[in-house]
Amino acid sequence: MTFSLFFQSLINGLNLGAIYALIALGYTMVYGIIRMINFAHGDFIMIGAYTLFYTIPMMVSAGMPAWLAVVVAVVVCGMVGILVETFAYRPVRKAGPMSALITALAMSIFLQNLAMVLFGSRPHNVSTIFSLPSVSVAGVTVSLNVVLTIAIGLVIMLGLQLFVKKTPLGKAMRAVPQDRDASTLMGINVNRIITVTFAIGSALAAVAALMYCTTYPRVTNDMGTTMGMKAFIAAVLGGIGVIPGAMLGGVLIGLIEVFVRLFAPGWYEAVTYGTLIVILLVKPSGILGRSTGEKV
Amino acid sequence: MTKAIKWSYLLNLVGVAAVFAILSALFAFNGFGDSTTYVEGVCTTACYTIIMVASLNLVVGFMGEFSLGHAGFVSVGAYVSAITSSALAGKGLSDLALLLVAVLAGGIAAGIAGVLVGIPALRLRGDYLAIVTMAFAEIIRVVFCNLEITGGGRTMSGILRLSSFGRTFWIMVVCVTVMFLFVRSRFGRTVQAIREDYIAAEAAGINVTFYKVLTFAVSSFFAGIGGGVYAHYMTAMIPTNFDFNYSAELLSEVIIGGTGSLTGSIIGAAFLSALPELMRQFSKYRMLAYSVVLVLVMLFRPGGIFGRWEFSLTRLLHKLTRRKENAATADPTDGPAAPLAQKGE
C-alpha cells in the first residue's frame, strides 16, 4: 500500500468514524440514562436527512443561507425525539427492559414505514450545503468538506463532554441512572431529565444527518437501519453509556470499515460485526466501559 | 402415559386433521373461486411462518432472552436445504422424500450454527445478547452474499418447488408438536426455571449454559426447517431477504401472539402473515399497522395477546360438556346461576 492510499483511507475512515461517533453519542446518552437501546435513533437521522432535503431548496429560494436548514433539522429531530419518548417510551418504562426494547423496535419500524408512505421508497438526492474546495497535502487531495465534518464532530463531542461534566443539568443526567429514587429526593425531575436527554440525542442525529449528507448525498427511508446499527455497534464497542467510548468506538468502526474495504470489499460488514462480538466476549462492558457486578 | 393424556393427543390429532381436511377440501373444490390458488399460497406462507415464529418463541418466551437474529438461522436452513435438494435431484428419490431430506439437512445445519453461535453469545444476557445475535445474523448474511454456491449475492433461483400446502401443513404440525413436547419435558421445565431466576436455577444444580445452548440449538433447528420449507416454496431467494427487518418481523409476531405461548405463536403468525396478504392493496401500510399494534400490545398487554396461556382443545371440550351437564342439572327457573357457578370454580 502506498503512502498516499494509506493517507487517503485514513482521512476517509476518520470522516466515516466521526459520523458514526456522532450517532453513537445519541445511543450512548439514551442508554446511559434509561438502559434502553433506542432502535429508533437511526431513523431520527433519516428524519433529519429528509428535513434537509426539503428545507435546503426552501432556504435557497427564500434567499437565506443554506446552513439555516440545519437549525430546522435540529428542531424537527428534537421534537420527534420528545414525541417518541413521551408517547411510546414513557408509558412502558415501568414494564421492564423487554417491553422497552420491543417498543423501541416498533418505533423504528413505524418511523421507517411512515417515511415510506409519506416520501416513497425512491432515494432522494440532497443538495449540498457547503461546497468547499479541495486542498492537496503531500500528494493527497483532501476535501475541506471532510475536514469540516471531522471538526464539527470533534467540537460537538467536546461540548457534550463539558456539558455533562460541568453543568447542573449534566450532573442531573449522570445522577438519574445511578439512583432514580435518590435523584427524585434531591429535587431532580427525572422525567424532564430523560426528555432533555432524548431531545439532545435526537438533535445530535440531525447534525449527524447533515454530516452524512455532505459525504453521501442520498436519502432513503431505510438509511437509518444500517447507519444506526453500525453506530450502535460503535457505542457498544467503546462502552455504552460512556461519552468518550462512543467517540473511540465510532472512529474505530469507521477506520475498520474503510481499511477492510480496501482488501476485501464484500466482507467489511462481517469484520465490523466480528470485532464487536470479540470485544463483547472479552470485555462485555466495552473498551472504556466499567463493568458493574450483579446483585444477587 | 395416562389414559387422559393419550385421549387428549388423539383429540388434538383429530382436531388438526379436521382443519386440514376442511382447508384441502376447500382448495380441491375451488372454494374461493378464482383466488383459490392464491389463498392456498397464503395458507402455505402462514404454515412455514408458524414454524419460524414458534421456534423463536422457544428462546424469547420460554428462555426469556432476546434473539434479534432469527432470520440468520432461517437463511442457513433455507440455503443448505436448497443446495441439498438440487444436489440430490434426479437420484431416484420421490418428491416428498427429497423435501424431507433437504429440510432436515437445513434444520441440522441451522442447529449446528445455533450451537456455534450460542456457545459464545449466551455468555451475555439481555440487551447485549440481543445485539450479538443481530451481529451474528448479519455475519451469516454477509457470508451468503459472498459464497459462490449461494448465488454470490445475487438471487439464487431454480430451487425445486417441493413445498405444497399439504406437506407444509404436516411438517408444521410435526414441528409444533415436537416443540410442545420439548417445552413440557424436563428440559423445558428446566429452561423455564432459568427464565424465572437463573441464579436460583444455578444454585439448584442446573447447568445454565448447557440448557441455554440446547434451547438455542433446538430453536435454530426448527428455524432451519422453516427456512427449508420457505426455500422450496419460494424457489428463489436472495440473502437480503433475511436481513434485520425479517428478524424484527418474526420477533414482533412472537410478541404479539404471546411470549411463552405456542398456541399464541401459531395464531399470531397465521393471522399476521395471512391478514396483510389478504389486503394486498393496503400492503404499503402493513408494517406501519404492525408497529402500531406492537406498541399498543406493549402498552396494554405486555405479555402479548395470549400471554402464557395455551389454548387446549381438551379443556374447551371439557368446559363445553360440563356446561351442558350443568344446564341439564340446574333448575330451569334460575338460569343465571349456572354461569355464576362456573365462574366460581
# chains A, B, ... in the order shown; residues from 1 in each chain; ligands from 1
>>> closest_atom_pairs(of="range 154-232 of chain A", to="range 121-143 of chain B", cutoff="10 Å", atoms="only C-alpha atoms", output="Markdown table")
| residue | atom | partner | partner_atom | distance |
| --- | --- | --- | --- | --- |
| A:Met229 | CA | B:Ala135 | CA | 9.2 |
| A:Lys230 | CA | B:Ala135 | CA | 9.9 |
| A:Phe232 | CA | B:Ile131 | CA | 9.1 |
>>> interface_residues(of="chain A", to="chain B", cutoff="9 Å", atoms="only C-alpha atoms", output="PyMOL selection string")
chain A and resi 35-37+88+91-92+95+97-114+116-117+225+233+236+266-274+276-277+280-281+284+296
>>> atom_distance(atom1="CA of Arg261 in chain A", atom2="CA of Val147 in chain A")
21.5 Å
>>> select_by_dssp(residues="range 19-159 of chain A", states="alpha helix (DSSP H)", output="VMD selection string")
chain A and resid 19 to 34 41 to 61 68 to 84 90 to 92 97 to 119 144 to 159
>>> write_last_selection(atoms="C-alpha atoms", output="tab-separated table (two decimals), in the first residue's frame")
chain	number	residue	atom	x	y	z
A	19	ILE	CA	-20.33	10.39	11.60
A	20	TYR	CA	-20.65	7.06	13.41
A	21	ALA	CA	-19.32	8.62	16.59
A	22	LEU	CA	-21.91	11.38	16.50
A	23	ILE	CA	-24.75	8.88	16.03
A	24	ALA	CA	-23.22	6.65	18.68
A	25	LEU	CA	-23.35	9.58	21.11
A	26	GLY	CA	-27.12	9.64	20.78
A	27	TYR	CA	-27.38	5.92	21.55
A	28	THR	CA	-24.97	6.15	24.42
A	29	MET	CA	-26.69	9.10	26.09
A	30	VAL	CA	-30.08	7.44	25.98
A	31	TYR	CA	-28.72	4.07	27.07
A	32	GLY	CA	-26.72	5.73	29.80
A	33	ILE	CA	-29.79	7.26	31.36
A	34	ILE	CA	-32.58	4.70	30.96
A	41	HIS	CA	-32.31	6.57	16.82
A	42	GLY	CA	-31.07	5.57	13.37
A	43	ASP	CA	-34.40	6.65	11.98
A	44	PHE	CA	-34.05	10.08	13.58
A	45	ILE	CA	-31.12	10.52	11.19
A	46	MET	CA	-33.41	9.61	8.33
A	47	ILE	CA	-35.90	12.24	9.54
A	48	GLY	CA	-33.09	14.78	9.76
A	49	ALA	CA	-31.95	13.95	6.25
A	50	TYR	CA	-35.48	14.28	4.84
A	51	THR	CA	-35.86	17.61	6.62
A	52	LEU	CA	-32.64	18.79	5.00
A	53	PHE	CA	-33.86	17.52	1.64
A	54	TYR	CA	-37.00	19.65	1.85
A	55	THR	CA	-35.68	22.72	3.66
A	56	ILE	CA	-32.43	23.39	1.77
A	57	PRO	CA	-34.21	24.33	-1.50
A	58	MET	CA	-36.72	26.38	0.53
A	59	MET	CA	-33.92	28.27	2.25
A	60	VAL	CA	-32.11	28.86	-1.01
A	61	SER	CA	-35.24	30.12	-2.79
A	68	LEU	CA	-30.04	27.57	8.34
A	69	ALA	CA	-31.68	24.32	7.19
A	70	VAL	CA	-29.58	22.57	9.82
A	71	VAL	CA	-31.31	24.56	12.54
A	72	VAL	CA	-34.68	23.43	11.20
A	73	ALA	CA	-33.48	19.83	11.08
A	74	VAL	CA	-32.18	20.02	14.65
A	75	VAL	CA	-35.52	21.39	15.86
A	76	VAL	CA	-37.56	18.80	13.91
A	77	CYS	CA	-35.43	15.90	15.16
A	78	GLY	CA	-35.55	17.17	18.72
A	79	MET	CA	-39.34	17.43	18.53
A	80	VAL	CA	-39.67	13.91	17.10
A	81	GLY	CA	-37.40	12.60	19.83
A	82	ILE	CA	-39.50	14.23	22.54
A	83	LEU	CA	-42.74	12.95	20.96
A	84	VAL	CA	-41.44	9.39	20.69
A	90	ARG	CA	-42.57	6.74	28.88
A	91	PRO	CA	-45.72	4.59	29.28
A	92	VAL	CA	-43.74	1.34	29.08
A	97	PRO	CA	-36.40	-3.97	29.70
A	98	MET	CA	-38.12	-6.44	27.33
A	99	SER	CA	-41.10	-4.16	26.73
A	100	ALA	CA	-38.82	-1.15	26.29
A	101	LEU	CA	-36.70	-2.94	23.70
A	102	ILE	CA	-39.73	-4.05	21.72
A	103	THR	CA	-41.34	-0.63	21.85
A	104	ALA	CA	-38.11	0.87	20.54
A	105	LEU	CA	-38.05	-1.70	17.75
A	106	ALA	CA	-41.67	-0.93	16.95
A	107	MET	CA	-40.97	2.81	16.82
A	108	SER	CA	-38.11	2.16	14.40
A	109	ILE	CA	-40.39	0.14	12.12
A	110	PHE	CA	-43.08	2.78	12.49
A	111	LEU	CA	-40.89	5.76	11.54
A	112	GLN	CA	-39.35	3.88	8.62
A	113	ASN	CA	-42.69	2.89	7.17
A	114	LEU	CA	-44.22	6.26	7.85
A	115	ALA	CA	-41.40	7.78	5.81
A	116	MET	CA	-42.06	5.27	3.05
A	117	VAL	CA	-45.74	6.17	2.96
A	118	LEU	CA	-45.02	9.90	3.05
A	119	PHE	CA	-41.97	10.19	0.80
A	144	LEU	CA	-12.31	20.56	3.03
A	145	ASN	CA	-15.84	19.19	3.47
A	146	VAL	CA	-14.27	16.19	5.13
A	147	VAL	CA	-12.12	18.37	7.37
A	148	LEU	CA	-15.18	20.38	8.34
A	149	THR	CA	-17.14	17.19	9.10
A	150	ILE	CA	-14.42	15.92	11.39
A	151	ALA	CA	-14.09	19.33	13.03
A	152	ILE	CA	-17.85	19.60	13.69
A	153	GLY	CA	-17.80	16.14	15.17
A	154	LEU	CA	-14.91	16.95	17.48
A	155	VAL	CA	-16.40	20.23	18.66
A	156	ILE	CA	-19.76	18.64	19.44
A	157	MET	CA	-18.18	15.78	21.35
A	158	LEU	CA	-16.05	18.12	23.42
A	159	GLY	CA	-19.02	20.38	24.07
>>> closest_residue(among="B:Ala269, B:Leu313, B:Tyr233, B:Leu320", to="Val14 in chain B", atoms="only C-alpha atoms")
B:Leu313
>>> residues_around(residues="Pro123 in chain A", least_positions_apart="5", cutoff="9 Å", atoms="only C-alpha atoms", output="list in words")
Arg218, Val219, Thr220 and Asn221 of chain A
>>> atom_distance(atom1="CA of Val183 in chain B", atom2="CA of Ala223 in chain B")
16.0 Å
>>> atom_distance(atom1="CA of Val115 in chain B", atom2="CA of Val213 in chain B")
6.1 Å
>>> select_by_dssp(residues="range 99-264 of chain A", states="strand (DSSP E)", output="list in words")
His124, Asn125, Ser134, Val135, Ser136, Val137, Val140, Thr141, Val142, Ser143, Arg218 and Val219 of chain A
>>> write_last_selection(atoms="C-alpha atoms", output="short mmCIF file (atom, residue, chain, number, x, y, z; two decimals), in the first residue's frame")
data_model
loop_
_atom_site.label_atom_id
_atom_site.label_comp_id
_atom_site.auth_asym_id
_atom_site.auth_seq_id
_atom_site.Cartn_x
_atom_site.Cartn_y
_atom_site.Cartn_z
CA HIS A 124 -33.77 11.40 -2.96
CA ASN A 125 -30.70 13.49 -3.60
CA SER A 134 -10.17 20.59 -2.02
CA VAL A 135 -6.58 21.04 -0.99
CA SER A 136 -3.56 18.94 -1.83
CA VAL A 137 -1.46 17.80 1.10
CA VAL A 140 -3.29 13.57 -1.41
CA THR A 141 -6.36 15.59 -2.24
CA VAL A 142 -8.34 16.29 0.89
CA SER A 143 -11.77 17.80 0.52
CA ARG A 218 -28.68 10.33 -0.71
CA VAL A 219 -31.79 9.87 1.44
#
>>> residues_around(residues="Arg154 in chain B", least_positions_apart="5", cutoff="9 Å", atoms="only C-alpha atoms", output="mmCIF file with N, CA and C atoms, in the first residue's frame")
data_model
loop_
_atom_site.group_PDB
_atom_site.id
_atom_site.type_symbol
_atom_site.label_atom_id
_atom_site.label_comp_id
_atom_site.auth_asym_id
_atom_site.auth_seq_id
_atom_site.Cartn_x
_atom_site.Cartn_y
_atom_site.Cartn_z
ATOM 1 N N CYS B 145 -23.757 -13.736 1.010
ATOM 2 C CA CYS B 145 -23.599 -12.782 -0.088
ATOM 3 C C CYS B 145 -22.307 -13.025 -0.850
ATOM 4 N N MET B 237 -34.412 -16.998 -3.936
ATOM 5 C CA MET B 237 -34.203 -16.137 -2.762
ATOM 6 C C MET B 237 -32.860 -15.431 -2.865
ATOM 7 N N ILE B 238 -32.746 -14.371 -2.086
ATOM 8 C CA ILE B 238 -31.549 -13.542 -2.089
ATOM 9 C C ILE B 238 -31.207 -13.277 -0.619
ATOM 10 N N PRO B 239 -29.893 -13.236 -0.272
ATOM 11 C CA PRO B 239 -29.546 -13.101 1.149
ATOM 12 C C PRO B 239 -30.185 -11.903 1.840
#
